[in-house]
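With CSV, C-alpha atoms inside, this is query_3.csv:
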```csv
chain,number,residue,atom,x,y,z
A,204,MET,CA,0.0,0.0,0.0
A,205,HIS,CA,2.9,2.4,0.7
A,206,ASP,CA,4.4,1.6,-2.7
A,207,VAL,CA,1.0,2.5,-4.4
A,208,ALA,CA,0.9,5.7,-2.3
A,209,ARG,CA,4.3,6.7,-3.4
A,210,LEU,CA,3.6,6.0,-7.1
A,211,ALA,CA,0.3,7.9,-7.0
A,212,GLY,CA,1.7,10.8,-5.0
A,213,VAL,CA,-0.9,10.4,-2.2
A,214,SER,CA,-0.9,9.2,1.4
A,215,PRO,CA,-1.3,5.5,2.4
A,216,MET,CA,-4.5,6.5,4.2
A,217,THR,CA,-5.9,7.8,0.9
A,218,VAL,CA,-5.0,4.5,-0.8
A,219,SER,CA,-6.8,2.7,2.0
A,220,ARG,CA,-9.9,4.9,1.6
A,221,VAL,CA,-9.9,4.2,-2.2
A,222,MET,CA,-9.5,0.4,-1.7
A,223,ASN,CA,-12.4,0.4,0.8
A,224,GLY,CA,-14.7,2.3,-1.5
A,225,LYS,CA,-15.0,5.5,0.5
A,226,ASP,CA,-16.7,8.3,-1.3
A,227,THR,CA,-14.7,11.1,0.3
A,228,VAL,CA,-11.9,10.8,-2.2
A,229,HIS,CA,-12.0,12.9,-5.4
A,230,ALA,CA,-12.6,11.0,-8.6
A,231,ARG,CA,-9.3,12.2,-10.1
A,232,THR,CA,-7.4,10.9,-7.0
A,233,ARG,CA,-9.2,7.6,-7.1
A,234,LYS,CA,-8.1,7.2,-10.7
A,235,LYS,CA,-4.5,7.9,-9.9
A,236,VAL,CA,-4.6,5.3,-7.1
A,237,ALA,CA,-6.3,2.7,-9.4
A,238,ASP,CA,-3.7,3.3,-12.1
A,239,ALA,CA,-0.8,3.0,-9.6
A,240,ALA,CA,-2.3,-0.2,-8.2
A,241,ALA,CA,-2.7,-1.7,-11.6
A,242,ALA,CA,0.9,-0.7,-12.6
A,243,LEU,CA,2.3,-2.4,-9.5
A,244,ASN,CA,-0.1,-5.4,-9.7
A,245,TYR,CA,-1.2,-4.6,-6.2
A,246,MET,CA,-4.0,-6.6,-4.6
A,247,PRO,CA,-5.3,-6.0,-1.0
A,248,ASN,CA,-4.4,-8.6,1.5
A,249,GLN,CA,-7.4,-10.9,1.4
A,250,GLU,CA,-6.7,-12.7,4.7
A,251,ALA,CA,-6.5,-9.3,6.5
A,252,ARG,CA,-9.9,-8.4,4.9
A,253,LYS,CA,-11.4,-11.7,6.2
A,254,LEU,CA,-10.1,-11.0,9.7
A,255,ALA,CA,-11.6,-7.5,9.4
A,256,GLY,CA,-15.0,-9.2,8.7
A,257,ALA,CA,-15.2,-8.3,5.1
A,258,ARG,CA,-16.6,-10.8,2.6
A,259,PRO,CA,-16.3,-10.7,-1.2
A,260,ILE,CA,-18.8,-8.6,-3.1
A,261,ARG,CA,-20.5,-10.4,-6.0
A,262,ILE,CA,-21.9,-8.3,-8.7
A,263,GLY,CA,-23.6,-9.1,-12.1
A,264,PHE,CA,-23.4,-7.5,-15.5
A,265,LEU,CA,-26.1,-8.2,-18.1
A,266,TYR,CA,-25.7,-7.0,-21.6
A,267,SER,CA,-27.2,-7.2,-25.1
A,268,ASN,CA,-25.3,-4.4,-27.0
A,269,PRO,CA,-24.3,-5.5,-30.5
A,270,SER,CA,-21.2,-3.4,-30.7
A,271,ALA,CA,-18.1,-5.5,-29.8
A,272,GLY,CA,-15.9,-2.4,-29.4
A,273,TYR,CA,-18.4,-0.8,-27.0
A,274,LEU,CA,-18.8,-4.0,-25.0
A,275,SER,CA,-15.0,-4.5,-24.8
A,276,ALA,CA,-14.5,-1.0,-23.3
A,277,LEU,CA,-17.3,-1.6,-20.8
A,278,LEU,CA,-15.8,-4.9,-19.7
A,279,VAL,CA,-12.3,-3.4,-19.3
A,280,GLY,CA,-13.6,-0.9,-16.8
A,281,LEU,CA,-15.7,-3.4,-14.9
A,282,LEU,CA,-12.9,-5.9,-14.6
A,283,ASN,CA,-10.3,-3.4,-13.6
A,284,GLN,CA,-12.4,-2.0,-10.7
A,285,SER,CA,-13.8,-5.4,-9.7
A,286,SER,CA,-10.2,-6.7,-9.3
A,287,ILE,CA,-9.0,-3.7,-7.4
A,288,HIS,CA,-11.9,-3.9,-4.9
A,289,ASN,CA,-12.0,-7.7,-4.5
A,290,MET,CA,-15.3,-8.0,-6.2
A,291,GLN,CA,-16.5,-11.1,-8.1
A,292,LEU,CA,-18.0,-10.2,-11.5
A,293,PHE,CA,-20.6,-12.4,-13.2
A,294,VAL,CA,-21.3,-11.6,-16.9
A,295,GLU,CA,-24.5,-12.7,-18.7
A,296,LYS,CA,-25.9,-12.0,-22.1
A,297,GLY,CA,-29.6,-11.4,-22.8
A,298,ASP,CA,-30.9,-11.6,-26.4
A,299,ASP,CA,-34.5,-10.5,-26.3
A,300,GLN,CA,-36.6,-9.1,-23.4
A,301,ALA,CA,-38.0,-12.5,-22.4
A,302,HIS,CA,-34.6,-14.0,-22.2
A,303,GLN,CA,-33.3,-10.9,-20.4
A,304,LEU,CA,-35.9,-11.2,-17.7
A,305,GLU,CA,-35.0,-14.9,-17.3
A,306,GLN,CA,-31.3,-13.9,-16.9
A,307,ILE,CA,-32.3,-11.3,-14.3
A,308,GLU,CA,-34.1,-14.0,-12.3
A,309,ARG,CA,-31.0,-16.2,-12.5
A,310,LEU,CA,-28.8,-13.4,-11.2
A,311,ILE,CA,-31.3,-12.7,-8.4
A,312,ASP,CA,-31.4,-16.4,-7.5
A,313,ASN,CA,-27.6,-16.4,-7.3
A,314,ASN,CA,-27.9,-13.9,-4.4
A,315,LEU,CA,-25.7,-11.3,-6.1
A,316,ASP,CA,-25.0,-8.2,-4.1
A,317,GLY,CA,-25.7,-5.8,-7.0
A,318,ILE,CA,-26.0,-5.4,-10.8
A,319,VAL,CA,-24.6,-3.1,-13.4
A,320,LEU,CA,-26.9,-2.5,-16.4
A,321,PRO,CA,-25.8,-0.9,-19.7
A,322,PRO,CA,-28.3,0.2,-22.4
A,323,PRO,CA,-30.8,-0.9,-23.6
A,324,LEU,CA,-31.4,-3.0,-20.4
A,325,GLY,CA,-30.9,0.0,-18.1
A,326,ASP,CA,-33.7,1.8,-20.0
A,327,ASP,CA,-36.2,-1.1,-19.6
A,328,PRO,CA,-38.8,-0.3,-16.9
A,329,ALA,CA,-39.7,-4.0,-16.5
A,330,ILE,CA,-36.2,-5.0,-15.7
A,331,LEU,CA,-35.7,-2.1,-13.3
A,332,ALA,CA,-39.0,-2.8,-11.6
A,333,ARG,CA,-38.1,-6.5,-11.1
A,334,LEU,CA,-34.7,-5.6,-9.6
A,335,ASN,CA,-36.3,-3.0,-7.3
A,336,SER,CA,-38.8,-5.5,-6.0
A,337,ALA,CA,-35.9,-7.9,-5.3
A,338,GLY,CA,-34.1,-5.2,-3.3
A,339,ALA,CA,-31.0,-5.5,-5.4
A,340,PRO,CA,-28.8,-2.4,-5.7
A,341,VAL,CA,-28.5,-1.3,-9.4
A,342,VAL,CA,-26.3,1.1,-11.3
A,343,THR,CA,-27.0,1.9,-14.9
A,344,VAL,CA,-24.2,3.0,-17.1
A,345,ALA,CA,-24.3,5.1,-20.3
A,346,CYS,CA,-28.1,5.2,-20.4
A,347,GLY,CA,-29.6,8.4,-21.9
A,348,GLN,CA,-32.1,9.4,-19.3
A,349,PRO,CA,-31.4,7.8,-15.9
A,350,GLU,CA,-34.3,7.0,-13.6
A,351,ALA,CA,-34.4,9.3,-10.5
A,352,ASP,CA,-34.5,6.3,-8.1
A,353,VAL,CA,-31.7,4.3,-9.7
A,354,SER,CA,-28.0,5.2,-9.5
A,355,SER,CA,-26.4,6.0,-12.8
A,356,VAL,CA,-23.2,7.0,-14.7
A,357,SER,CA,-23.8,8.8,-17.9
A,358,ILE,CA,-22.9,11.7,-20.2
A,359,ASP,CA,-25.1,14.3,-21.8
A,360,ASP,CA,-25.9,12.6,-25.1
A,361,TYR,CA,-28.1,15.6,-26.2
A,362,LEU,CA,-25.3,18.1,-25.7
A,363,ALA,CA,-22.7,15.9,-27.3
A,364,ALA,CA,-24.8,15.4,-30.5
A,365,PHE,CA,-25.6,19.1,-30.5
A,366,GLN,CA,-21.9,20.1,-30.3
A,367,MET,CA,-20.9,17.6,-33.0
A,368,THR,CA,-23.6,18.8,-35.3
A,369,ARG,CA,-22.7,22.5,-34.7
A,370,GLN,CA,-19.1,21.6,-35.6
A,371,LEU,CA,-20.2,20.2,-38.9
A,372,ILE,CA,-22.3,23.3,-39.6
A,373,GLY,CA,-19.2,25.4,-38.7
A,374,LEU,CA,-17.3,23.6,-41.4
A,375,GLY,CA,-19.9,24.8,-43.9
A,376,HIS,CA,-22.2,21.7,-44.2
A,377,GLN,CA,-25.9,22.4,-44.7
A,378,ARG,CA,-27.3,19.0,-45.7
A,379,ILE,CA,-26.3,16.8,-42.9
A,380,GLY,CA,-27.6,13.2,-42.8
A,381,PHE,CA,-28.2,11.5,-39.5
A,382,ILE,CA,-28.3,7.8,-38.7
A,383,ALA,CA,-30.3,7.3,-35.6
A,384,GLY,CA,-29.6,4.5,-33.0
A,385,ASP,CA,-31.8,1.8,-31.7
A,386,GLY,CA,-35.3,3.1,-30.8
A,387,ASN,CA,-35.3,1.1,-27.6
A,388,GLN,CA,-32.5,3.2,-26.1
A,389,ILE,CA,-33.2,6.6,-24.7
A,390,ALA,CA,-29.8,7.8,-25.7
A,391,SER,CA,-30.8,7.4,-29.3
A,392,ALA,CA,-33.6,9.9,-29.0
A,393,ARG,CA,-31.5,12.4,-27.1
A,394,ARG,CA,-28.7,12.3,-29.8
A,395,LEU,CA,-31.3,12.8,-32.5
A,396,ALA,CA,-32.8,15.7,-30.5
A,397,GLY,CA,-29.3,17.3,-30.1
A,398,TYR,CA,-28.7,17.0,-33.9
A,399,GLN,CA,-32.1,18.6,-34.7
A,400,ALA,CA,-31.6,21.4,-32.1
A,401,ALA,CA,-28.2,22.4,-33.6
A,402,LEU,CA,-29.7,22.5,-37.1
A,403,GLN,CA,-32.6,24.6,-35.9
A,404,GLU,CA,-30.3,27.0,-34.1
A,405,ALA,CA,-28.2,27.6,-37.2
A,406,GLY,CA,-31.2,27.8,-39.6
A,407,ALA,CA,-29.8,24.9,-41.5
A,408,GLN,CA,-31.9,22.5,-43.6
A,409,ILE,CA,-34.0,20.1,-41.6
A,410,ALA,CA,-35.4,17.4,-43.9
A,411,GLN,CA,-37.1,14.2,-42.9
A,412,GLU,CA,-35.3,12.3,-45.7
A,413,LEU,CA,-32.0,13.1,-44.0
A,414,VAL,CA,-32.8,11.1,-40.9
A,415,VAL,CA,-32.7,7.3,-41.2
A,416,PRO,CA,-33.0,4.6,-38.5
A,417,GLY,CA,-30.2,2.3,-37.4
A,418,LEU,CA,-29.7,-0.4,-34.8
A,419,TYR,CA,-26.1,0.5,-33.6
A,420,THR,CA,-24.9,-2.4,-35.8
A,421,TYR,CA,-22.5,-2.3,-38.8
A,422,ARG,CA,-25.1,-3.9,-41.1
A,423,SER,CA,-27.8,-1.4,-40.1
A,424,GLY,CA,-25.2,1.4,-40.9
A,425,LEU,CA,-24.6,-0.1,-44.4
A,426,GLU,CA,-28.4,0.0,-45.1
A,427,ALA,CA,-28.8,3.5,-43.7
A,428,ALA,CA,-25.8,4.9,-45.6
A,429,GLU,CA,-27.0,3.4,-48.9
A,430,THR,CA,-30.4,5.1,-48.3
A,431,LEU,CA,-28.8,8.5,-47.7
A,432,LEU,CA,-26.3,8.3,-50.5
A,433,ALA,CA,-29.0,7.2,-53.0
A,434,LEU,CA,-30.9,10.6,-52.5
A,435,ALA,CA,-31.2,12.8,-55.6
A,436,GLU,CA,-29.5,15.5,-53.5
A,437,ARG,CA,-26.9,13.7,-51.3
A,438,PRO,CA,-25.9,15.1,-47.9
A,439,SER,CA,-22.4,16.5,-47.8
A,440,ALA,CA,-21.9,15.1,-44.2
A,441,ILE,CA,-23.4,12.1,-42.3
A,442,PHE,CA,-23.4,11.9,-38.5
A,443,ALA,CA,-23.9,8.3,-37.3
A,444,SER,CA,-25.1,7.6,-33.7
A,445,ASN,CA,-22.2,5.2,-33.1
A,446,ASP,CA,-18.8,4.3,-34.6
A,447,ASP,CA,-20.0,1.0,-36.0
A,448,MET,CA,-22.5,2.7,-38.2
A,449,ALA,CA,-20.1,5.5,-39.1
A,450,ALA,CA,-17.5,2.9,-40.2
A,451,ALA,CA,-20.2,1.3,-42.4
A,452,THR,CA,-21.0,4.7,-43.9
A,453,VAL,CA,-17.3,5.1,-44.9
A,454,ALA,CA,-17.3,1.7,-46.5
A,455,VAL,CA,-20.4,2.5,-48.6
A,456,ALA,CA,-18.9,5.8,-49.7
A,457,HIS,CA,-15.7,4.1,-50.8
A,458,ARG,CA,-17.7,1.5,-52.7
A,459,LEU,CA,-19.5,4.3,-54.6
A,460,GLY,CA,-16.2,5.9,-55.5
A,461,MET,CA,-16.5,8.8,-53.1
A,462,ASP,CA,-13.6,10.3,-51.3
A,463,VAL,CA,-13.9,10.7,-47.5
A,464,PRO,CA,-13.8,13.5,-46.4
A,465,GLY,CA,-13.4,15.2,-49.8
A,466,ASP,CA,-16.8,14.2,-51.2
A,467,LEU,CA,-18.4,13.2,-47.9
A,468,THR,CA,-17.7,14.0,-44.2
A,469,VAL,CA,-18.5,11.1,-41.8
A,470,VAL,CA,-18.5,11.4,-38.0
A,471,GLY,CA,-19.4,8.9,-35.3
A,472,PHE,CA,-20.1,8.6,-31.6
A,473,ASP,CA,-18.4,6.7,-28.7
A,474,ASP,CA,-14.7,6.7,-29.8
A,475,THR,CA,-14.3,2.9,-29.6
A,476,ALA,CA,-11.2,1.1,-30.9
A,477,LEU,CA,-12.9,0.9,-34.3
A,478,ALA,CA,-12.7,4.7,-34.8
A,479,THR,CA,-8.9,4.4,-35.2
A,480,THR,CA,-8.7,1.1,-37.1
A,481,ILE,CA,-10.4,2.2,-40.3
A,482,TRP,CA,-9.2,4.6,-42.9
A,483,PRO,CA,-9.7,7.5,-42.7
A,484,ALA,CA,-9.7,7.5,-38.8
A,485,LEU,CA,-13.1,8.7,-37.6
A,486,THR,CA,-13.9,12.1,-36.1
A,487,THR,CA,-16.2,11.2,-33.2
A,488,VAL,CA,-17.6,12.0,-29.8
A,489,HIS,CA,-15.4,10.5,-27.1
A,490,GLN,CA,-17.6,8.9,-24.5
A,491,PRO,CA,-15.3,7.6,-21.7
A,492,ILE,CA,-16.9,4.2,-21.6
A,493,THR,CA,-14.2,2.4,-19.6
A,494,ASP,CA,-14.0,5.1,-17.0
A,495,MET,CA,-17.8,5.2,-16.8
A,496,ALA,CA,-17.9,1.4,-16.2
A,497,GLY,CA,-15.3,1.7,-13.4
A,498,GLU,CA,-17.3,4.5,-11.8
A,499,ALA,CA,-20.4,2.3,-11.9
A,500,VAL,CA,-18.6,-0.4,-10.0
A,501,ARG,CA,-17.5,2.1,-7.4
A,502,LEU,CA,-21.0,3.4,-7.0
A,503,LEU,CA,-22.3,-0.1,-6.7
A,504,GLN,CA,-19.7,-1.0,-4.1
A,505,ARG,CA,-20.7,2.0,-1.9
A,506,GLN,CA,-24.4,1.1,-2.1
A,507,ILE,CA,-23.7,-2.6,-1.2
A,508,ARG,CA,-21.6,-1.6,1.8
A,509,SER,CA,-24.2,0.8,3.0
A,510,ARG,CA,-26.9,-1.9,2.7
A,511,ARG,CA,-24.7,-4.3,4.7
A,512,ASP,CA,-24.4,-1.6,7.3
A,513,GLY,CA,-28.2,-1.2,7.5
A,514,ALA,CA,-28.2,2.2,6.0
A,515,PRO,CA,-30.8,3.3,3.4
A,516,LEU,CA,-29.8,3.4,-0.2
A,517,HIS,CA,-29.5,6.9,-1.7
A,518,PRO,CA,-29.3,7.0,-5.5
A,519,GLU,CA,-26.3,8.8,-7.0
A,520,HIS,CA,-26.1,10.2,-10.5
A,521,VAL,CA,-22.7,10.9,-12.0
A,522,LEU,CA,-22.5,12.9,-15.1
A,523,MET,CA,-19.1,12.5,-16.8
A,524,ASN,CA,-17.4,14.7,-19.4
A,525,PHE,CA,-17.4,13.9,-23.1
A,526,SER,CA,-15.2,15.5,-25.8
A,527,LEU,CA,-15.1,15.9,-29.6
A,528,VAL,CA,-12.2,14.1,-31.2
A,529,ARG,CA,-11.3,15.4,-34.6
A,530,ARG,CA,-9.4,13.0,-36.9
A,531,GLN,CA,-9.3,12.6,-40.7
A,532,SER,CA,-12.9,11.9,-41.7
A,533,ASP,CA,-14.3,15.5,-41.6
A,534,ALA,CA,-13.6,18.5,-43.8
A,535,ALA,CA,-15.4,21.5,-45.3
A,536,PRO,CA,-17.7,20.5,-48.2
A,537,ARG,CA,-15.9,20.5,-51.5
A,538,VAL,CA,-17.0,23.4,-53.8
A,539,ARG,CA,-17.0,22.4,-57.4
A,540,PRO,CA,-17.1,25.1,-60.1
A,541,PRO,CA,-20.4,25.3,-61.9
A,542,ALA,CA,-20.6,23.7,-65.3
A,543,ARG,CA,-20.4,26.1,-68.2
A,544,TYR,CA,-22.5,25.8,-71.4
A,545,LEU,CA,-20.4,26.0,-74.5
A,546,PRO,CA,-22.5,26.5,-77.7
A,547,PRO,CA,-21.6,24.1,-80.6
A,548,GLN,CA,-19.3,25.6,-83.2
A,549,ALA,CA,-19.5,24.9,-87.0
A,550,PRO,CA,-16.4,22.9,-88.2
A,551,ARG,CA,-13.9,25.0,-90.2
A,552,PRO,CA,-13.5,23.9,-93.9
A,553,VAL,CA,-10.2,22.1,-94.5
A,554,ASP,CA,-8.4,22.0,-97.8
A,555,ALA,CA,-7.8,18.4,-99.1
A,556,ALA,CA,-4.2,19.2,-99.9
A,557,THR,CA,-3.6,20.3,-96.3
A,558,LEU,CA,-4.9,16.9,-95.1
A,559,LEU,CA,-2.7,15.0,-97.5
A,560,PHE,CA,0.6,16.8,-97.2
A,561,SER,CA,0.7,18.6,-93.8
A,562,PRO,CA,3.4,17.1,-91.6
A,563,PRO,CA,2.1,15.1,-88.5
A,564,SER,CA,1.8,17.0,-85.3
A,565,ALA,CA,4.2,16.3,-82.5
```
Written as structure tokens, how would this file's structure read?
Amino acid sequence: MHDVARLAGVSPMTVSRVMNGKDTVHARTRKKVADAAAALNYMPNQEARKLAGARPIRIGFLYSNPSAGYLSALLVGLLNQSSIHNMQLFVEKGDDQAHQLEQIERLIDNNLDGIVLPPPLGDDPAILARLNSAGAPVVTVACGQPEADVSSVSIDDYLAAFQMTRQLIGLGHQRIGFIAGDGNQIASARRLAGYQAALQEAGAQIAQELVVPGLYTYRSGLEAAETLLALAERPSAIFASNDDMAAATVAVAHRLGMDVPGDLTVVGFDDTALATTIWPALTTVHQPITDMAGEAVRLLQRQIRSRRDGAPLHPEHVLMNFSLVRRQSDAAPRVRPPARYLPPQAPRPVDAATLLFSPPSA
């Protein structure tokens, strides 16, 4: 613990508070301690914890998000914090709502101490109501409009989409296509609302044909991009609600012989690993998914310890910062010179002798 304290530049008491999930330590300091502990491969002395009367905390994570990059970032945050705080993590996948409710019952039957829910499960009233009736502490992560009585970690999806759209308008784009996310997720509606508000503020063109649905999958992005780029008047920029659909849009543009960003600007949302593995690298909204998942584990740990101490649960709502990351997929719209009409000219008469005896041109 002293080694971790020296590396993080804090006191051993601060390290102890972080390891025990105390909420009196600033988030930035907690991250420094967590990074130092990971660098030193530090694990709290489990025997000492047992002597102190602590028992392992068991938490569940149920997901159904189709984006592998998004899920990977979530899992990294969950696993890192679970390891640091001696928490056992149980991961389950739920395909449709009926299966998800079955999985929730399974997690409840396993007597887990708490559950982390990402979208769209964290937006599902039936799932939240069942967990509430079971008395299980819950923290939702990255859900668009957190419930007042459920702890949450999120960003302002509306403001993020508003600022990205305003940046596109600032580059000179007027016809901006938008690929919406899954209608079952509240964040999808908030991102669409942010896009529309930015257009309205700037007096830019708002056309229903420029908004097409998606499902946060690569395949849905392909279909949406084909629809937008088949319009008689194509958009000069497309804003996709996640990086998977933005990457699909870039692929469709390349297939049609379009240059990105010369002929078409493409931007995404989330800043997953996919954003920097395609060409050109995506301009996107950076949502700190890994840090959000880690913060969700810390919130859940505090709630579980309060419950064990007999204290009432008080929901906490953490709003984390986002940022716009500009890379190579956006630019000002290309201005092509207007075509000029040249009237046909009558051919000049040519002497036959000139055709026969004139030397060939170089």
Neighbouring residues of Met204 in chain A were defined as those with any atom within 12 Å, considering only C-alpha atoms; residues of the same chain fewer than 4 positions away were excluded. Please report them as a PDB file with C-alpha atoms, keeping the file's coordinate frame.
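Output file selection_6.pdb is given in full below:
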```pdb
ATOM      1  CA  ALA A 208       0.900   5.700  -2.300  1.00  0.00           C
ATOM      2  CA  ARG A 209       4.300   6.700  -3.400  1.00  0.00           C
ATOM      3  CA  LEU A 210       3.600   6.000  -7.100  1.00  0.00           C
ATOM      4  CA  ALA A 211       0.300   7.900  -7.000  1.00  0.00           C
ATOM      5  CA  VAL A 213      -0.900  10.400  -2.200  1.00  0.00           C
ATOM      6  CA  SER A 214      -0.900   9.200   1.400  1.00  0.00           C
ATOM      7  CA  PRO A 215      -1.300   5.500   2.400  1.00  0.00           C
ATOM      8  CA  MET A 216      -4.500   6.500   4.200  1.00  0.00           C
ATOM      9  CA  THR A 217      -5.900   7.800   0.900  1.00  0.00           C
ATOM     10  CA  VAL A 218      -5.000   4.500  -0.800  1.00  0.00           C
ATOM     11  CA  SER A 219      -6.800   2.700   2.000  1.00  0.00           C
ATOM     12  CA  ARG A 220      -9.900   4.900   1.600  1.00  0.00           C
ATOM     13  CA  VAL A 221      -9.900   4.200  -2.200  1.00  0.00           C
ATOM     14  CA  MET A 222      -9.500   0.400  -1.700  1.00  0.00           C
ATOM     15  CA  VAL A 236      -4.600   5.300  -7.100  1.00  0.00           C
ATOM     16  CA  ALA A 237      -6.300   2.700  -9.400  1.00  0.00           C
ATOM     17  CA  ALA A 239      -0.800   3.000  -9.600  1.00  0.00           C
ATOM     18  CA  ALA A 240      -2.300  -0.200  -8.200  1.00  0.00           C
ATOM     19  CA  LEU A 243       2.300  -2.400  -9.500  1.00  0.00           C
ATOM     20  CA  ASN A 244      -0.100  -5.400  -9.700  1.00  0.00           C
ATOM     21  CA  TYR A 245      -1.200  -4.600  -6.200  1.00  0.00           C
ATOM     22  CA  MET A 246      -4.000  -6.600  -4.600  1.00  0.00           C
ATOM     23  CA  PRO A 247      -5.300  -6.000  -1.000  1.00  0.00           C
ATOM     24  CA  ASN A 248      -4.400  -8.600   1.500  1.00  0.00           C
TER      25      ASN A 248
END
```
> What's the 9 Å shell around range 325-335 of chain A, counting all atoms listed in the file, without same-chain residues fewer than 3 positions away, as a count of residues only?
Replying inline: 28
>> With all atoms listed in the file as the counted atoms, please give the residues lying no more than 9 Å from range 455-470 of chain A, apart from itself and same-chain residues fewer than 6 positions off, as a PyMOL selection string.
In response: chain A and resi 367+371+376+425+428-429+432+438-446+449+482-483+485-488+529+531-537
Using the selection just defined, write its residues with C-alpha atoms as a PDB file, in the coordinates of the input.
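In the end it all went to out.pdb:
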```pdb
ATOM      1  CA  MET A 367     -20.900  17.600 -33.000  1.00  0.00           C
ATOM      2  CA  LEU A 371     -20.200  20.200 -38.900  1.00  0.00           C
ATOM      3  CA  HIS A 376     -22.200  21.700 -44.200  1.00  0.00           C
ATOM      4  CA  LEU A 425     -24.600  -0.100 -44.400  1.00  0.00           C
ATOM      5  CA  ALA A 428     -25.800   4.900 -45.600  1.00  0.00           C
ATOM      6  CA  GLU A 429     -27.000   3.400 -48.900  1.00  0.00           C
ATOM      7  CA  LEU A 432     -26.300   8.300 -50.500  1.00  0.00           C
ATOM      8  CA  PRO A 438     -25.900  15.100 -47.900  1.00  0.00           C
ATOM      9  CA  SER A 439     -22.400  16.500 -47.800  1.00  0.00           C
ATOM     10  CA  ALA A 440     -21.900  15.100 -44.200  1.00  0.00           C
ATOM     11  CA  ILE A 441     -23.400  12.100 -42.300  1.00  0.00           C
ATOM     12  CA  PHE A 442     -23.400  11.900 -38.500  1.00  0.00           C
ATOM     13  CA  ALA A 443     -23.900   8.300 -37.300  1.00  0.00           C
ATOM     14  CA  SER A 444     -25.100   7.600 -33.700  1.00  0.00           C
ATOM     15  CA  ASN A 445     -22.200   5.200 -33.100  1.00  0.00           C
ATOM     16  CA  ASP A 446     -18.800   4.300 -34.600  1.00  0.00           C
ATOM     17  CA  ALA A 449     -20.100   5.500 -39.100  1.00  0.00           C
ATOM     18  CA  TRP A 482      -9.200   4.600 -42.900  1.00  0.00           C
ATOM     19  CA  PRO A 483      -9.700   7.500 -42.700  1.00  0.00           C
ATOM     20  CA  LEU A 485     -13.100   8.700 -37.600  1.00  0.00           C
ATOM     21  CA  THR A 486     -13.900  12.100 -36.100  1.00  0.00           C
ATOM     22  CA  THR A 487     -16.200  11.200 -33.200  1.00  0.00           C
ATOM     23  CA  VAL A 488     -17.600  12.000 -29.800  1.00  0.00           C
ATOM     24  CA  ARG A 529     -11.300  15.400 -34.600  1.00  0.00           C
ATOM     25  CA  GLN A 531      -9.300  12.600 -40.700  1.00  0.00           C
ATOM     26  CA  SER A 532     -12.900  11.900 -41.700  1.00  0.00           C
ATOM     27  CA  ASP A 533     -14.300  15.500 -41.600  1.00  0.00           C
ATOM     28  CA  ALA A 534     -13.600  18.500 -43.800  1.00  0.00           C
ATOM     29  CA  ALA A 535     -15.400  21.500 -45.300  1.00  0.00           C
ATOM     30  CA  PRO A 536     -17.700  20.500 -48.200  1.00  0.00           C
ATOM     31  CA  ARG A 537     -15.900  20.500 -51.500  1.00  0.00           C
TER      32      ARG A 537
END
```
>> I'd like to know which of A:Thr475, A:Ile262, A:His205, A:Phe293 is closest to Ile507 in chain A, using only C-alpha atoms.
In response: A:Ile262
> In Å, how far is it from CA of Phe472 in chain A to CA of Leu292 in chain A?
Replying inline: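 Computing the Euclidean distance for CA of Phe472 in chain A and CA of Leu292 in chain A yields 27.6 Å.
Atom to atom, CA of Asp206 in chain A and CA of Lys235 in chain A stand 13.1 Å apart.
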Find the residues of range 450-530 of chain A that sit at most 8 Å from range 274-286 of chain A; for each, write down the nearest two atoms and how far apart they are in Å, to one decimal. Count only C-alpha atoms. Sort by chain, then by number going up, and give it as JSON lines.
```
{"residue": "A:Thr475", "atom": "CA", "partner": "A:Ala276", "partner_atom": "CA", "distance": 7.4}
{"residue": "A:Ile492", "atom": "CA", "partner": "A:Leu277", "partner_atom": "CA", "distance": 5.9}
{"residue": "A:Thr493", "atom": "CA", "partner": "A:Gly280", "partner_atom": "CA", "distance": 4.4}
{"residue": "A:Asp494", "atom": "CA", "partner": "A:Gly280", "partner_atom": "CA", "distance": 6.0}
{"residue": "A:Met495", "atom": "CA", "partner": "A:Gly280", "partner_atom": "CA", "distance": 7.4}
{"residue": "A:Ala496", "atom": "CA", "partner": "A:Gly280", "partner_atom": "CA", "distance": 4.9}
{"residue": "A:Gly497", "atom": "CA", "partner": "A:Gly280", "partner_atom": "CA", "distance": 4.6}
{"residue": "A:Ala499", "atom": "CA", "partner": "A:Leu281", "partner_atom": "CA", "distance": 8.0}
{"residue": "A:Val500", "atom": "CA", "partner": "A:Leu281", "partner_atom": "CA", "distance": 6.4}
{"residue": "A:Arg501", "atom": "CA", "partner": "A:Gln284", "partner_atom": "CA", "distance": 7.3}
```
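If you measure from each of A:Ala400, A:Ala337, A:Ala476, A:Ala407 to Gly272 in chain A using all atoms listed in the file, the closest one turns out to be A:Ala476.
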>> One decimal, in Å: what's the spacing between CA of Val528 in chain A and CA of Gln490 in chain A?
In response: 10.1 Å
> For Gln306 in chain A, which of A:Gln411, A:Gln506, A:Ser526, A:Ser267 is the closest residue, counting only C-alpha atoms?
Replying inline: A:Ser267
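Residue nearest Leu477 in chain A within the list A:Phe264, A:Phe381, A:Tyr398, A:Tyr421: A:Tyr421 [criterion: smallest interatomic distance, all atoms listed in the file].
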> Contacts of Pro259 in chain A at 8 Å or less, counting all atoms listed in the file, minus same-chain residues fewer than 2 places along, as a list of chain:residue names?
Replying inline: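 Residues near the query, excluding close chain neighbours: A:Ala257, A:Arg261, A:Asn289, A:Met290, A:Gln291.
Nearest residue to Ile372 in chain A among A:Gly406, A:Gly386, A:Gly263, A:Pro518 is A:Gly406, counting all atoms listed in the file.
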If we count all atoms listed in the file, what is near Gln366 in chain A at a cut-off of 9 Å, once residues fewer than 6 positions away on the same chain are taken out, given as an mmCIF file with C-alpha atoms, keeping the file's coordinate frame?
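Everything below was put into part-v1.cif:
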```cif
data_model
loop_
_atom_site.group_PDB
_atom_site.id
_atom_site.type_symbol
_atom_site.label_atom_id
_atom_site.label_comp_id
_atom_site.auth_asym_id
_atom_site.auth_seq_id
_atom_site.Cartn_x
_atom_site.Cartn_y
_atom_site.Cartn_z
ATOM 1 C CA GLY A 397 -29.300 17.300 -30.100
ATOM 2 C CA TYR A 398 -28.700 17.000 -33.900
ATOM 3 C CA ALA A 401 -28.200 22.400 -33.600
ATOM 4 C CA LEU A 527 -15.100 15.900 -29.600
#
```
